[in-house]
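A short worksheet on the structure shown next.
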Amino acid sequence: MKGNIVLIGFMGTGKSTIGRELSKMLNYPLVDTDQSIVKKAGKPIPQIFEEEGEAAFRVIETEILEELAEKEGNIISTGGGIIVSERNRKILHKLGYVVWLAASPQEILERTSRNSNRPLLNGDDPEGTITRLMEERTPFYQDAAHLQIETDQLCFDEICNGIIESARYHYGTQ
Ligand code: S3P
């Protein structure tokens, strides 16, 4: 496949898990932008936010994305806020077939409440934060994505097979 498959979507929509599965199924290397940021910064995400702030995190996020520009044949899973920057959205679109994994706020709350490694949701009102951020970000996901998948009622296999079929069609017909 020419180009990459890029996974975008809100926190807790399964980007990393689906990315790992797709990588195994297609035998393509997986690039996880959050993991690349942690490697580059030399510290975990909550520590980057605490010591350097979200803006510094976003700068590294864009740098990582720019470093991917020449790559092909990868599964790229991204952090939920990567689409807020217009520059990032343009880069994502150029990187390949962009799949938006969508989920309801209730499902996201349920999935993200299991761990505390997401600094944006560690406040007093994670539900309110999810609702607000989803409202703000939905137009950006829409703008960046080639394909939207509503994941609430689907299992990982169904999601992965749907992505592979659509990506093949996309690359075969463009
Ligand atoms: C963020 C999502 C996180 C991570 C960081 C910020 C966001 O990634 O990049 O905590 O702004 O939505 P996941 O979507 O993988 O949780």
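Letters A, B, ... mark the chains of the structure tokens in the order given; residue numbers begin at 1 per chain; ligand numbers begin at 1, in order shown.
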
Inset, instruction - Enumerate as a PyMOL selection string the residues within 9 Å of ligand 1, counting only C-alpha atoms and all ligand atoms. - result: chain A and resi 8-16+32-34+37+45-46+49+54+57-58+61+77-84+112+117-121+133

Now that the selection is made, can you save its residues with C-alpha atoms as a PDB file, in the first residue's frame?
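The new file again_14.pdb reads:
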ATOM      1  CA  ILE A   8      -7.165   9.740  14.694  1.00  0.00           C
ATOM      2  CA  GLY A   9      -9.864  10.126  17.337  1.00  0.00           C
ATOM      3  CA  PHE A  10     -10.621  11.186  20.866  1.00  0.00           C
ATOM      4  CA  MET A  11      -8.806   9.741  23.892  1.00  0.00           C
ATOM      5  CA  GLY A  12     -10.043   6.232  24.650  1.00  0.00           C
ATOM      6  CA  THR A  13     -11.377   5.394  21.207  1.00  0.00           C
ATOM      7  CA  GLY A  14      -8.936   2.495  20.784  1.00  0.00           C
ATOM      8  CA  LYS A  15      -6.372   4.051  18.411  1.00  0.00           C
ATOM      9  CA  SER A  16      -3.384   2.326  20.030  1.00  0.00           C
ATOM     10  CA  ASP A  32       2.520   5.676  17.870  1.00  0.00           C
ATOM     11  CA  THR A  33       3.016   9.458  18.058  1.00  0.00           C
ATOM     12  CA  ASP A  34       2.472   9.524  21.853  1.00  0.00           C
ATOM     13  CA  ILE A  37       6.885  12.019  22.072  1.00  0.00           C
ATOM     14  CA  ILE A  45       3.181  12.413  29.087  1.00  0.00           C
ATOM     15  CA  PRO A  46       1.800  13.503  32.506  1.00  0.00           C
ATOM     16  CA  PHE A  49       2.343  18.398  30.834  1.00  0.00           C
ATOM     17  CA  GLU A  54       0.521  21.444  27.082  1.00  0.00           C
ATOM     18  CA  PHE A  57       3.794  18.903  24.334  1.00  0.00           C
ATOM     19  CA  ARG A  58       2.060  20.192  21.172  1.00  0.00           C
ATOM     20  CA  GLU A  61       3.805  16.448  18.645  1.00  0.00           C
ATOM     21  CA  SER A  77      -1.697   6.015  15.662  1.00  0.00           C
ATOM     22  CA  THR A  78      -1.953   9.517  17.076  1.00  0.00           C
ATOM     23  CA  GLY A  79      -2.843  11.398  20.259  1.00  0.00           C
ATOM     24  CA  GLY A  80      -6.433  12.677  20.552  1.00  0.00           C
ATOM     25  CA  GLY A  81      -5.512  16.373  20.336  1.00  0.00           C
ATOM     26  CA  ILE A  82      -3.254  16.168  17.301  1.00  0.00           C
ATOM     27  CA  ILE A  83      -6.004  17.488  14.991  1.00  0.00           C
ATOM     28  CA  VAL A  84      -6.467  20.824  16.788  1.00  0.00           C
ATOM     29  CA  THR A 112     -10.660   6.457  30.044  1.00  0.00           C
ATOM     30  CA  ASN A 117      -2.167   8.753  32.337  1.00  0.00           C
ATOM     31  CA  ARG A 118      -4.209  11.398  30.493  1.00  0.00           C
ATOM     32  CA  PRO A 119      -3.484  14.749  32.122  1.00  0.00           C
ATOM     33  CA  LEU A 120      -6.396  16.487  30.394  1.00  0.00           C
ATOM     34  CA  LEU A 121      -8.879  14.150  32.110  1.00  0.00           C
ATOM     35  CA  LEU A 133     -13.370  18.839  24.139  1.00  0.00           C
TER      36      LEU A 133
END

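When DSSP reads the backbone of this structure, the residues of chain A it assigns to strand (DSSP E or B) are Asn4, Ile5, Val6, Leu7, Ile8, Gly9, Leu30, Val31, Asp32, Ile75, Ile76, Ser77, Gly96, Tyr97, Val98, Val99, Trp100, Leu101, Ala102, Leu147, Gln148, Ile149 and Glu150 of chain A.
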
Inset, instruction - Show which residues sit within 10 Å of Ile164 in chain A, as a ChimeraX atom specification. Count only C-alpha atoms, and ignore same-chain residues fewer than 4 positions away. - result: /A:5,22,25-26,159-160,168-170

Inset, instruction - Would you please work out which residue, of A:Glu110, A:Ile76, A:Asp125, A:Glu50, is nearest to Ile18 in chain A when using only C-alpha atoms? - result: A:Ile76

Legend entry - Straight-line distance linking CA of Thr62 in chain A with CA of Ile91 in chain A, stated in Å to one decimal: 9.0 Å

Inset, instruction - Can you pull out every residue within 9 Å of Met134 in chain A, counting only C-alpha atoms, but drop anything in the same chain fewer than 4 positions away, and send it as an NGL selection string? - result: :A and (10 or 105 or 129-130 or 138)

Keeping only all heavy atoms, take the residues you just selected and write them out as a compact mmCIF listing (two decimals), in the first residue's frame.
# COMPACT_ATOMS: atom_id res chain seq x y z
N PHE A 10 -10.70 10.71 19.49
CA PHE A 10 -10.62 11.19 20.87
C PHE A 10 -9.89 10.16 21.75
O PHE A 10 -9.76 8.99 21.38
CB PHE A 10 -12.05 11.40 21.39
CG PHE A 10 -12.14 12.41 22.49
CD1 PHE A 10 -12.19 13.76 22.19
CD2 PHE A 10 -12.16 12.01 23.82
CE1 PHE A 10 -12.26 14.70 23.21
CE2 PHE A 10 -12.23 12.94 24.84
CZ PHE A 10 -12.28 14.29 24.54
N PRO A 105 -19.56 9.98 24.19
CA PRO A 105 -18.94 10.47 25.42
C PRO A 105 -19.03 9.45 26.56
O PRO A 105 -18.08 9.28 27.34
CB PRO A 105 -19.74 11.73 25.75
CG PRO A 105 -20.41 12.15 24.49
CD PRO A 105 -20.58 10.91 23.66
N THR A 129 -15.24 17.71 30.84
CA THR A 129 -14.10 17.97 29.96
C THR A 129 -14.26 17.19 28.66
O THR A 129 -14.01 17.72 27.58
CB THR A 129 -12.78 17.55 30.65
OG1 THR A 129 -12.74 18.17 31.93
CG2 THR A 129 -11.57 17.97 29.84
N ILE A 130 -14.70 15.94 28.77
CA ILE A 130 -14.89 15.12 27.56
C ILE A 130 -15.93 15.79 26.65
O ILE A 130 -15.71 15.96 25.46
CB ILE A 130 -15.32 13.68 27.93
CG1 ILE A 130 -14.14 12.94 28.57
CG2 ILE A 130 -15.82 12.92 26.69
CD1 ILE A 130 -14.50 11.59 29.18
N THR A 138 -14.71 17.90 17.29
CA THR A 138 -15.42 17.15 16.24
C THR A 138 -15.22 17.74 14.84
O THR A 138 -14.90 16.99 13.90
CB THR A 138 -16.91 16.99 16.60
OG1 THR A 138 -16.97 16.18 17.78
CG2 THR A 138 -17.71 16.32 15.49

Inset, instruction - Determine which residues of chain A DSSP labels as alpha helix (DSSP H) from the backbone of this structure, then write them out as JSON, numbers by chain. - result: {"A": [15, 16, 17, 18, 19, 20, 21, 22, 23, 24, 25, 26, 33, 34, 35, 36, 37, 38, 39, 40, 41, 45, 46, 47, 48, 49, 50, 51, 52, 54, 55, 56, 57, 58, 59, 60, 61, 62, 63, 64, 65, 66, 67, 86, 87, 88, 89, 90, 91, 92, 93, 94, 95, 105, 106, 107, 108, 109, 110, 111, 112, 126, 127, 128, 129, 130, 131, 132, 133, 134, 135, 136, 137, 138, 139, 140, 141, 142, 143, 144, 156, 157, 158, 159, 160, 161, 162, 163, 164, 165, 166, 167, 168, 169, 170, 171, 172, 173]}

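What separates CA of Val98 in chain A from CA of Asn74 in chain A is a distance of 12.0 Å.
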
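Counting only C-alpha atoms, the residue from A:Arg114, A:Gln153, A:Gln148, A:Val6 that sits nearest to Leu65 in chain A is A:Val6.
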
Inset, instruction - Find the distance between CA of Ile48 in chain A and CA of Asn115 in chain A and write it in Å to one decimal. - result: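 One can read the CA of Ile48 in chain A to CA of Asn115 in chain A distance as 17.2 Å.
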
Inset, instruction - Might you pull out every residue within 9 Å of Ala144 in chain A, with only C-alpha atoms counted and same-chain residues fewer than 2 positions away left off, and present them as a list in words? - result: Ile8, Ile83, Arg89, Lys90, Leu92, His93, Val98, Val99, Trp100, Pro139, Phe140, Tyr141, Gln142 and His146 of chain A

Inset, instruction - Could you tell me which of A:Lys24, A:Lys39, A:Lys2, A:Arg137 comes closest to Lys94 in chain A if we count only C-alpha atoms? - result: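 Closest candidate: A:Lys2.
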